[in-house]
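S.K.: coords18.json is reproduced below (JSON, C-alpha atoms).
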[["chain", "number", "residue", "atom", "x", "y", "z"],
["A", 394, "MET", "CA", 106.42, 119.51, 106.81],
["A", 395, "LEU", "CA", 106.41, 115.74, 107.29],
["A", 396, "PRO", "CA", 105.17, 114.97, 110.82],
["A", 397, "ILE", "CA", 107.55, 112.83, 112.86],
["A", 398, "ILE", "CA", 106.32, 111.33, 116.14],
["A", 399, "SER", "CA", 108.48, 109.29, 118.50],
["A", 400, "VAL", "CA", 107.02, 106.33, 120.40],
["A", 401, "VAL", "CA", 109.15, 106.06, 123.51],
["A", 402, "GLY", "CA", 109.04, 104.13, 126.75],
["A", 403, "LYS", "CA", 111.15, 102.07, 129.06],
["A", 404, "SER", "CA", 112.54, 98.79, 127.86],
["A", 405, "GLY", "CA", 109.75, 96.20, 127.98],
["A", 406, "SER", "CA", 106.96, 98.78, 128.02],
["A", 407, "GLY", "CA", 105.61, 97.53, 124.69],
["A", 408, "LYS", "CA", 106.71, 100.13, 122.14],
["A", 409, "THR", "CA", 106.84, 97.67, 119.25],
["A", 410, "THR", "CA", 103.51, 96.13, 120.25],
["A", 411, "LEU", "CA", 101.86, 99.56, 120.27],
["A", 412, "LEU", "CA", 103.39, 100.36, 116.87],
["A", 413, "GLU", "CA", 102.00, 97.08, 115.53],
["A", 414, "LYS", "CA", 98.55, 98.40, 116.48],
["A", 415, "LEU", "CA", 99.01, 102.01, 115.35],
["A", 416, "ILE", "CA", 100.37, 101.18, 111.89],
["A", 417, "PRO", "CA", 97.35, 99.21, 110.56],
["A", 418, "GLU", "CA", 95.00, 101.81, 112.07],
["A", 419, "ILE", "CA", 96.89, 104.58, 110.22],
["A", 420, "LYS", "CA", 96.97, 102.55, 106.98],
["A", 421, "LYS", "CA", 93.22, 101.87, 107.27],
["A", 422, "ARG", "CA", 92.69, 105.62, 107.20],
["A", 423, "GLY", "CA", 94.61, 105.90, 103.94],
["A", 424, "TYR", "CA", 97.92, 107.42, 105.04],
["A", 425, "LYS", "CA", 101.44, 106.50, 103.98],
["A", 426, "VAL", "CA", 103.49, 105.80, 107.06],
["A", 427, "ALA", "CA", 107.17, 105.08, 107.58],
["A", 428, "THR", "CA", 108.74, 103.77, 110.78],
["A", 429, "VAL", "CA", 112.26, 104.38, 112.04],
["A", 430, "LYS", "CA", 113.79, 102.23, 114.74],
["A", 431, "HIS", "CA", 116.57, 103.70, 116.81],
["A", 432, "ASP", "CA", 119.05, 101.03, 117.69],
["A", 433, "ALA", "CA", 121.66, 101.64, 120.33],
["A", 434, "HIS", "CA", 123.24, 98.26, 119.67],
["A", 435, "ARG", "CA", 124.59, 96.54, 116.61],
["A", 436, "PHE", "CA", 121.70, 95.41, 114.50],
["A", 437, "ASP", "CA", 122.03, 92.76, 111.88],
["A", 438, "ILE", "CA", 119.02, 93.05, 109.64],
["A", 439, "ASP", "CA", 120.02, 90.54, 107.00],
["A", 440, "LYS", "CA", 120.21, 86.76, 107.17],
["A", 441, "PRO", "CA", 123.54, 84.92, 107.15],
["A", 442, "GLY", "CA", 124.06, 83.04, 103.90],
["A", 443, "LYS", "CA", 121.85, 85.27, 101.77],
["A", 444, "ASP", "CA", 123.54, 86.85, 98.76],
["A", 445, "THR", "CA", 123.02, 90.38, 100.11],
["A", 446, "TYR", "CA", 124.47, 89.36, 103.47],
["A", 447, "ARG", "CA", 127.52, 87.98, 101.68],
["A", 448, "HIS", "CA", 127.99, 91.20, 99.65],
["A", 449, "PHE", "CA", 127.85, 93.33, 102.77],
["A", 450, "GLN", "CA", 130.11, 90.99, 104.77],
["A", 451, "ALA", "CA", 132.62, 91.15, 101.91],
["A", 452, "GLY", "CA", 132.89, 94.88, 102.59],
["A", 453, "ALA", "CA", 130.42, 96.64, 100.27],
["A", 454, "ASP", "CA", 129.76, 100.18, 101.54],
["A", 455, "VAL", "CA", 126.13, 99.81, 100.59],
["A", 456, "THR", "CA", 124.10, 96.78, 99.52],
["A", 457, "MET", "CA", 120.68, 97.00, 97.91],
["A", 458, "ILE", "CA", 118.16, 94.46, 96.73],
["A", 459, "ALA", "CA", 115.06, 94.96, 94.62],
["A", 460, "SER", "CA", 112.13, 92.79, 93.67],
["A", 461, "LYS", "CA", 108.64, 93.68, 92.44],
["A", 462, "GLU", "CA", 107.28, 94.06, 95.94],
["A", 463, "LYS", "CA", 110.13, 95.67, 97.86],
["A", 464, "MET", "CA", 113.50, 97.30, 97.85],
["A", 465, "ALA", "CA", 115.98, 97.23, 100.69],
["A", 466, "MET", "CA", 119.25, 98.99, 101.42],
["A", 467, "ILE", "CA", 121.91, 98.50, 104.08],
["A", 468, "ALA", "CA", 124.62, 101.16, 104.33],
["A", 469, "ARG", "CA", 127.69, 101.46, 106.51],
["A", 470, "THR", "CA", 127.90, 104.73, 108.46],
["A", 471, "TYR", "CA", 131.36, 104.16, 109.97],
["A", 472, "GLY", "CA", 130.74, 105.00, 113.62],
["A", 473, "GLU", "CA", 128.55, 108.04, 112.94],
["A", 474, "GLU", "CA", 124.89, 107.42, 113.47],
["A", 475, "MET", "CA", 122.80, 109.02, 110.73],
["A", 476, "PRO", "CA", 120.55, 111.58, 112.47],
["A", 477, "LEU", "CA", 116.80, 111.09, 112.28],
["A", 478, "ASP", "CA", 116.35, 114.22, 110.16],
["A", 479, "GLU", "CA", 118.86, 112.86, 107.62],
["A", 480, "LEU", "CA", 117.23, 109.43, 107.59],
["A", 481, "VAL", "CA", 113.80, 110.81, 106.76],
["A", 482, "LYS", "CA", 115.27, 112.70, 103.77],
["A", 483, "LYS", "CA", 115.82, 109.28, 102.19],
["A", 484, "LEU", "CA", 112.12, 108.46, 102.31],
["A", 485, "PRO", "CA", 109.78, 108.56, 99.35],
["A", 486, "SER", "CA", 106.74, 110.77, 99.86],
["A", 487, "MET", "CA", 105.03, 109.95, 103.19],
["A", 488, "ASP", "CA", 102.24, 111.39, 105.32],
["A", 489, "LEU", "CA", 103.72, 110.45, 108.68],
["A", 490, "VAL", "CA", 106.82, 108.99, 110.30],
["A", 491, "LEU", "CA", 106.66, 107.08, 113.57],
["A", 492, "THR", "CA", 109.89, 106.33, 115.35],
["A", 493, "GLU", "CA", 110.50, 103.65, 117.92],
["A", 494, "GLY", "CA", 112.93, 105.20, 120.36],
["A", 495, "TYR", "CA", 114.71, 108.56, 119.92],
["A", 496, "LYS", "CA", 113.62, 109.58, 123.40],
["A", 497, "SER", "CA", 116.31, 112.25, 123.61],
["A", 498, "GLY", "CA", 115.26, 113.69, 120.24],
["A", 499, "ASP", "CA", 113.20, 116.85, 119.76],
["A", 500, "LYS", "CA", 110.14, 115.25, 118.14],
["A", 501, "PRO", "CA", 106.70, 115.16, 119.76],
["A", 502, "LYS", "CA", 106.29, 111.92, 121.69],
["A", 503, "ILE", "CA", 103.88, 109.22, 122.69],
["A", 504, "GLU", "CA", 105.05, 107.43, 125.81],
["A", 505, "VAL", "CA", 104.13, 103.80, 126.44],
["A", 506, "HIS", "CA", 103.80, 103.23, 130.17],
["A", 507, "ARG", "CA", 103.28, 100.03, 132.16],
["A", 508, "LYS", "CA", 102.59, 100.07, 135.84],
["A", 509, "GLU", "CA", 104.72, 96.91, 136.22],
["A", 510, "LEU", "CA", 107.79, 98.98, 135.30],
["A", 511, "LYS", "CA", 107.21, 101.54, 138.09],
["A", 512, "ARG", "CA", 108.92, 104.89, 138.52],
["A", 513, "GLY", "CA", 106.71, 107.18, 136.46],
["A", 514, "LEU", "CA", 107.27, 108.52, 132.96],
["A", 515, "LEU", "CA", 110.43, 109.17, 130.96],
["A", 516, "CYS", "CA", 109.04, 112.32, 129.35],
["A", 517, "THR", "CA", 107.76, 115.62, 130.66],
["A", 518, "ALA", "CA", 104.19, 116.67, 129.86],
["A", 519, "GLU", "CA", 105.55, 119.33, 127.46],
["A", 520, "GLU", "CA", 107.12, 116.69, 125.20],
["A", 521, "LEU", "CA", 104.09, 114.43, 125.08],
["A", 522, "ILE", "CA", 101.18, 114.22, 122.67],
["A", 523, "CYS", "CA", 99.62, 111.51, 124.80],
["A", 524, "VAL", "CA", 100.41, 108.48, 126.96],
["A", 525, "ALA", "CA", 99.48, 104.86, 126.25],
["A", 526, "THR", "CA", 99.17, 103.32, 129.70],
["A", 527, "ASN", "CA", 97.75, 100.41, 131.65],
["A", 528, "GLU", "CA", 97.18, 102.47, 134.79],
["A", 529, "GLU", "CA", 95.63, 105.82, 135.64],
["A", 530, "LEU", "CA", 98.19, 108.61, 135.77],
["A", 531, "GLU", "CA", 98.01, 112.06, 137.29],
["A", 532, "ILE", "CA", 99.39, 114.04, 134.41],
["A", 533, "ASN", "CA", 98.11, 116.92, 132.34],
["A", 534, "VAL", "CA", 98.31, 115.01, 129.04],
["A", 535, "PRO", "CA", 95.71, 112.79, 127.36],
["A", 536, "CYS", "CA", 96.05, 109.19, 128.57],
["A", 537, "PHE", "CA", 94.68, 106.23, 126.62],
["A", 538, "ASP", "CA", 94.51, 102.54, 127.24],
["A", 539, "ILE", "CA", 97.74, 100.89, 126.10],
["A", 540, "ASN", "CA", 95.77, 98.87, 123.51],
["A", 541, "ASP", "CA", 93.53, 101.65, 122.24],
["A", 542, "ALA", "CA", 95.16, 102.33, 118.87],
["A", 543, "ARG", "CA", 92.02, 103.91, 117.49],
["A", 544, "ARG", "CA", 91.90, 106.77, 119.98],
["A", 545, "ILE", "CA", 95.65, 107.34, 119.80],
["A", 546, "VAL", "CA", 95.46, 107.58, 116.02],
["A", 547, "ASP", "CA", 92.49, 109.97, 116.39],
["A", 548, "VAL", "CA", 94.82, 112.31, 118.29],
["A", 549, "ILE", "CA", 97.65, 111.91, 115.75],
["A", 550, "GLU", "CA", 95.23, 112.55, 112.90],
["A", 551, "ASP", "CA", 93.69, 115.61, 114.58],
["A", 552, "LYS", "CA", 96.99, 117.21, 115.44],
["A", 553, "PHE", "CA", 99.20, 116.26, 112.49],
["A", 554, "LEU", "CA", 97.26, 114.97, 109.51],
["A", 555, "LYS", "CA", 94.39, 117.40, 109.02],
["B", 848, "MET", "CA", 128.94, 109.31, 85.78],
["B", 849, "LEU", "CA", 128.86, 106.55, 88.37],
["B", 850, "PRO", "CA", 130.05, 103.32, 86.73],
["B", 851, "ILE", "CA", 127.61, 100.42, 87.04],
["B", 852, "ILE", "CA", 128.77, 96.92, 86.12],
["B", 853, "SER", "CA", 126.55, 93.84, 86.15],
["B", 854, "VAL", "CA", 127.92, 90.48, 87.24],
["B", 855, "VAL", "CA", 125.76, 87.94, 85.44],
["B", 856, "GLY", "CA", 125.80, 84.22, 84.86],
["B", 857, "LYS", "CA", 123.63, 81.16, 84.94],
["B", 858, "SER", "CA", 122.17, 80.02, 88.22],
["B", 859, "GLY", "CA", 124.89, 78.22, 90.16],
["B", 860, "SER", "CA", 127.75, 79.79, 88.20],
["B", 861, "GLY", "CA", 129.10, 81.52, 91.31],
["B", 862, "LYS", "CA", 128.09, 85.17, 90.91],
["B", 863, "THR", "CA", 127.92, 85.83, 94.66],
["B", 864, "THR", "CA", 131.21, 84.01, 95.24],
["B", 865, "LEU", "CA", 132.93, 86.15, 92.60],
["B", 866, "LEU", "CA", 131.46, 89.30, 94.14],
["B", 867, "GLU", "CA", 132.80, 88.21, 97.52],
["B", 868, "LYS", "CA", 136.27, 88.25, 95.96],
["B", 869, "LEU", "CA", 135.88, 91.43, 93.88],
["B", 870, "ILE", "CA", 134.53, 93.59, 96.73],
["B", 871, "PRO", "CA", 137.52, 93.30, 99.12],
["B", 872, "GLU", "CA", 139.92, 93.76, 96.17],
["B", 873, "ILE", "CA", 138.09, 96.99, 95.21],
["B", 874, "LYS", "CA", 138.01, 98.17, 98.83],
["B", 875, "LYS", "CA", 141.72, 97.43, 99.20],
["B", 876, "ARG", "CA", 142.36, 99.89, 96.36],
["B", 877, "GLY", "CA", 140.46, 102.61, 98.21],
["B", 878, "TYR", "CA", 137.19, 102.80, 96.30],
["B", 879, "LYS", "CA", 133.66, 103.09, 97.65],
["B", 880, "VAL", "CA", 131.56, 100.31, 96.20],
["B", 881, "ALA", "CA", 127.87, 99.53, 96.41],
["B", 882, "THR", "CA", 126.24, 96.27, 95.35],
["B", 883, "VAL", "CA", 122.73, 95.77, 94.04],
["B", 884, "LYS", "CA", 121.12, 92.35, 93.94],
["B", 885, "HIS", "CA", 118.35, 91.77, 91.47],
["B", 886, "ASP", "CA", 115.81, 89.43, 92.93],
["B", 887, "ALA", "CA", 113.19, 87.87, 90.73],
["B", 888, "HIS", "CA", 111.55, 86.23, 93.73],
["B", 889, "ARG", "CA", 110.19, 87.50, 97.01],
["B", 890, "PHE", "CA", 113.07, 88.37, 99.24],
["B", 891, "ASP", "CA", 112.72, 88.70, 102.96],
["B", 892, "ILE", "CA", 115.76, 90.55, 104.19],
["B", 893, "ASP", "CA", 114.71, 91.01, 107.80],
["B", 894, "LYS", "CA", 114.45, 88.47, 110.59],
["B", 895, "PRO", "CA", 111.08, 87.38, 112.01],
["B", 896, "GLY", "CA", 110.56, 88.67, 115.52],
["B", 897, "LYS", "CA", 112.82, 91.70, 115.18],
["B", 898, "ASP", "CA", 111.20, 95.07, 115.87],
["B", 899, "THR", "CA", 111.79, 96.27, 112.30],
["B", 900, "TYR", "CA", 110.27, 93.08, 110.93],
["B", 901, "ARG", "CA", 107.22, 93.64, 113.11],
["B", 902, "HIS", "CA", 106.84, 97.26, 111.92],
["B", 903, "PHE", "CA", 106.98, 96.21, 108.28],
["B", 904, "GLN", "CA", 104.66, 93.23, 108.79],
["B", 905, "ALA", "CA", 102.19, 95.57, 110.47],
["B", 906, "GLY", "CA", 101.99, 97.45, 107.16],
["B", 907, "ALA", "CA", 104.50, 100.30, 107.31],
["B", 908, "ASP", "CA", 105.23, 101.57, 103.79],
["B", 909, "VAL", "CA", 108.88, 101.98, 104.71],
["B", 910, "THR", "CA", 110.85, 100.83, 107.75],
["B", 911, "MET", "CA", 114.29, 102.13, 108.65],
["B", 912, "ILE", "CA", 116.77, 101.36, 111.38],
["B", 913, "ALA", "CA", 119.89, 103.24, 112.38],
["B", 914, "SER", "CA", 122.80, 102.51, 114.67],
["B", 915, "LYS", "CA", 126.32, 103.96, 114.81],
["B", 916, "GLU", "CA", 127.64, 101.46, 112.30],
["B", 917, "LYS", "CA", 124.81, 101.07, 109.81],
["B", 918, "MET", "CA", 121.47, 102.21, 108.52],
["B", 919, "ALA", "CA", 118.97, 100.03, 106.74],
["B", 920, "MET", "CA", 115.73, 100.67, 104.89],
["B", 921, "ILE", "CA", 113.03, 98.37, 103.53],
["B", 922, "ALA", "CA", 110.37, 99.93, 101.29],
["B", 923, "ARG", "CA", 107.29, 98.51, 99.62],
["B", 924, "THR", "CA", 107.13, 99.12, 95.88],
["B", 925, "TYR", "CA", 103.66, 97.64, 95.30],
["B", 926, "GLY", "CA", 104.24, 95.36, 92.36],
["B", 927, "GLU", "CA", 106.50, 97.77, 90.44],
["B", 928, "GLU", "CA", 110.14, 96.90, 90.64],
["B", 929, "MET", "CA", 112.29, 99.97, 91.16],
["B", 930, "PRO", "CA", 114.58, 100.23, 88.10],
["B", 931, "LEU", "CA", 118.33, 99.97, 88.65],
["B", 932, "ASP", "CA", 118.87, 103.60, 87.60],
["B", 933, "GLU", "CA", 116.35, 104.73, 90.25],
["B", 934, "LEU", "CA", 117.91, 102.54, 92.93],
["B", 935, "VAL", "CA", 121.38, 103.98, 92.43],
["B", 936, "LYS", "CA", 119.97, 107.52, 92.87],
["B", 937, "LYS", "CA", 119.36, 106.56, 96.50],
["B", 938, "LEU", "CA", 123.04, 105.86, 97.11],
["B", 939, "PRO", "CA", 125.41, 108.15, 98.93],
["B", 940, "SER", "CA", 128.50, 109.11, 96.94],
["B", 941, "MET", "CA", 130.16, 105.98, 95.48],
["B", 942, "ASP", "CA", 132.96, 105.21, 93.03],
["B", 943, "LEU", "CA", 131.42, 102.06, 91.59],
["B", 944, "VAL", "CA", 128.27, 99.93, 91.64],
["B", 945, "LEU", "CA", 128.36, 96.19, 91.03],
["B", 946, "THR", "CA", 125.11, 94.42, 90.44],
["B", 947, "GLU", "CA", 124.41, 90.73, 90.84],
["B", 948, "GLY", "CA", 121.99, 89.91, 88.08],
["B", 949, "TYR", "CA", 120.28, 92.43, 85.75],
["B", 950, "LYS", "CA", 121.36, 90.36, 82.77],
["B", 951, "SER", "CA", 118.72, 91.96, 80.54],
["B", 952, "GLY", "CA", 119.85, 95.46, 81.59],
["B", 953, "ASP", "CA", 121.97, 97.80, 79.48],
["B", 954, "LYS", "CA", 125.01, 97.97, 81.77],
["B", 955, "PRO", "CA", 128.44, 96.59, 80.85],
["B", 956, "LYS", "CA", 128.75, 93.04, 82.12],
["B", 957, "ILE", "CA", 131.10, 90.48, 83.58],
["B", 958, "GLU", "CA", 129.87, 86.97, 82.96],
["B", 959, "VAL", "CA", 130.71, 84.15, 85.35],
["B", 960, "HIS", "CA", 130.99, 80.90, 83.41],
["B", 961, "ARG", "CA", 131.44, 77.32, 84.61],
["B", 962, "LYS", "CA", 132.08, 74.49, 82.25],
["B", 963, "GLU", "CA", 129.89, 72.24, 84.43],
["B", 964, "LEU", "CA", 126.86, 74.33, 83.38],
["B", 965, "LYS", "CA", 127.46, 73.82, 79.64],
["B", 966, "ARG", "CA", 125.83, 75.63, 76.75],
["B", 967, "GLY", "CA", 128.08, 78.66, 76.33],
["B", 968, "LEU", "CA", 127.58, 82.20, 77.52],
["B", 969, "LEU", "CA", 124.47, 84.23, 78.29],
["B", 970, "CYS", "CA", 125.93, 87.45, 76.90],
["B", 971, "THR", "CA", 127.27, 88.52, 73.54],
["B", 972, "ALA", "CA", 130.87, 89.73, 73.27],
["B", 973, "GLU", "CA", 129.61, 93.30, 72.74],
["B", 974, "GLU", "CA", 128.00, 93.38, 76.19],
["B", 975, "LEU", "CA", 130.99, 91.97, 78.04],
["B", 976, "ILE", "CA", 133.91, 93.63, 79.78],
["B", 977, "CYS", "CA", 135.38, 90.22, 80.53],
["B", 978, "VAL", "CA", 134.50, 86.66, 81.47],
["B", 979, "ALA", "CA", 135.38, 84.88, 84.72],
["B", 980, "THR", "CA", 135.62, 81.25, 83.71],
["B", 981, "ASN", "CA", 136.98, 77.85, 84.71],
["B", 982, "GLU", "CA", 137.54, 76.73, 81.14],
["B", 983, "GLU", "CA", 139.15, 78.18, 78.02],
["B", 984, "LEU", "CA", 136.65, 79.92, 75.77],
["B", 985, "GLU", "CA", 136.88, 80.93, 72.14],
["B", 986, "ILE", "CA", 135.58, 84.43, 72.44],
["B", 987, "ASN", "CA", 136.92, 87.84, 71.56],
["B", 988, "VAL", "CA", 136.71, 89.18, 75.14],
["B", 989, "PRO", "CA", 139.30, 89.01, 77.95],
["B", 990, "CYS", "CA", 138.86, 85.80, 79.95],
["B", 991, "PHE", "CA", 140.19, 85.38, 83.48],
["B", 992, "ASP", "CA", 140.28, 82.54, 85.94],
["B", 993, "ILE", "CA", 137.03, 82.42, 87.90],
["B", 994, "ASN", "CA", 138.98, 83.09, 91.12],
["B", 995, "ASP", "CA", 141.29, 85.80, 89.82],
["B", 996, "ALA", "CA", 139.70, 88.85, 91.41],
["B", 997, "ARG", "CA", 142.89, 90.86, 91.12],
["B", 998, "ARG", "CA", 143.04, 90.77, 87.32],
["B", 999, "ILE", "CA", 139.31, 91.34, 86.96],
["B", 1000, "VAL", "CA", 139.55, 94.41, 89.20],
["B", 1001, "ASP", "CA", 142.56, 95.58, 87.15],
["B", 1002, "VAL", "CA", 140.26, 95.66, 84.11],
["B", 1003, "ILE", "CA", 137.45, 97.42, 86.02],
["B", 1004, "GLU", "CA", 139.92, 99.96, 87.35],
["B", 1005, "ASP", "CA", 141.49, 100.60, 83.95],
["B", 1006, "LYS", "CA", 138.21, 101.02, 82.14],
["B", 1007, "PHE", "CA", 136.03, 102.73, 84.73],
["B", 1008, "LEU", "CA", 137.97, 104.15, 87.65],
["B", 1009, "LYS", "CA", 140.89, 106.01, 86.12]]
Reformat the file's structure so that it appears as structure tokens.

M.R.:
Amino acid sequence: MLPIISVVGKSGSGKTTLLEKLIPEIKKRGYKVATVKHDAHRFDIDKPGKDTYRHFQAGADVTMIASKEKMAMIARTYGEEMPLDELVKKLPSMDLVLTEGYKSGDKPKIEVHRKELKRGLLCTAEELICVATNEELEINVPCFDINDARRIVDVIEDKFLK
Amino acid sequence: MLPIISVVGKSGSGKTTLLEKLIPEIKKRGYKVATVKHDAHRFDIDKPGKDTYRHFQAGADVTMIASKEKMAMIARTYGEEMPLDELVKKLPSMDLVLTEGYKSGDKPKIEVHRKELKRGLLCTAEELICVATNEELEINVPCFDINDARRIVDVIEDKFLK
């Protein structure tokens, strides 16, 4: 079973910044990792004027591009968000998936917490693998410094990759 | 068998512009169409600063994003371009695939020709379904005006979608 872990937190807590630290730490240890961003809004991943952008704007159901280094795909889903479990079926072989968001999903979670944002955590202790925080919390879950990617990846590796 | 047709032509001949006309004409007739762009260079489909861009820059092997309207995926292929026939296996159910480029591939082709670019066609008559051109050509293949998406889609529909 491919482990899927959701990095969640309030808006502005630093989810992307934490992921930017976790990913290289995971890669350094030799794992293949995919990320999935949950977007409540309309995202526009391509750049206006590019050929692929023009294909998709013209109404293509799916547009792909391939070069030696990368491939990319954009697909219309017509008002039905593709569920996380369907998305990960499209992945090539991976060791781990980290999501940014999906806080109402059923995957184990890492919550990013900042004292500046007040009002405690989004998740219950039962949902959490650990918390990345910049203040001490009274909670029965391992808490790590918000910048301590190494120790957070130690926990991920121990629980999901060994 | 999913029909795959390659729109080819010299640089500056107007391949993307023709595709922008073919796609809505195909959609209007009720077909699901995917496009695949062949990119000899390094493409950068995402926008600097976006969360997905940051995930991928941090080293994720694959990054996905999903909203209600769309899903997108960017995957590293590590110096090995994913062949067209592998790419199309990743598609959901489609009626037709149009590629931009892949002129050395084995798919049936539509060549876009402009008299301003001189020096005849890239393809042999045997490879071509038709030519979209802005000058008369002496060739034993149907030739259509470079802007006549309707008649070009008539040919595609007749040969591949009926």

S.K.: What residues in chain A lie within 7 Å of chain B, counting all atoms listed in the file, written as number ranges by chain?

M.R.: A: 409, 412-413, 416-417, 425-435, 438-440, 444-445, 447-448, 451-475

S.K.: List as a VMD selection string the protein and nucleic acid residues near Pro989 of chain B, meaning an atom at most 9 Å away when all atoms listed in the file are counted, but skip any in the same chain fewer than 4 places from it.

M.R.: chain B and resid 975 to 979

S.K.: To one decimal in Å, tell me the separation between atom CA of Asp1005 of chain B and atom CA of Lys962 of chain B.

M.R.: 27.8 Å

S.K.: Can you find the residues with an atom no farther than 10 Å from (98.1, 108.3, 121.8), counting all atoms listed in the file, and report them as an NGL selection string?

M.R.: :A and (400 or 411 or 415 or 502-505 or 521-526 or 534-549)

S.K.: Which value, in Å to one decimal, gives the distance between atom CA of Ile397 of chain A and atom CA of Glu520 of chain A?

M.R.: 12.9 Å

S.K.: Looking at B:Glu983, B:Glu933, B:Asp942, B:Asp953, which one is nearest to Gly967 of chain B, with distances taken over all atoms listed in the file?

M.R.: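 The shortest atom-to-atom distance to Gly967 of chain B comes from B:Glu983.
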
S.K.: Distance atom CA of Gly952 of chain B-atom CA of Ser940 of chain B, one decimal place?

M.R.: 22.3 Å

S.K.: May I ask which of the residues A:Ile532, A:Leu510, A:Ala518, A:Leu554 is the closest one to Ser404 of chain A, counting only C-alpha atoms?

M.R.: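 Going through A:Ile532, A:Leu510, A:Ala518, A:Leu554 one by one, the smallest distance to Ser404 of chain A is for A:Leu510.
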
S.K.: With 5 Å of padding per side, what axis-aligned box (centre and edge lengths, Å, one decimal) covers all the listed atoms of segment 414-427 of chain A? Give it as AutoDock Vina command-line options.

M.R.:
--center_x 99.9 --center_y 102.9 --center_z 110.2 --size_x 24.5 --size_y 19.0 --size_z 22.5
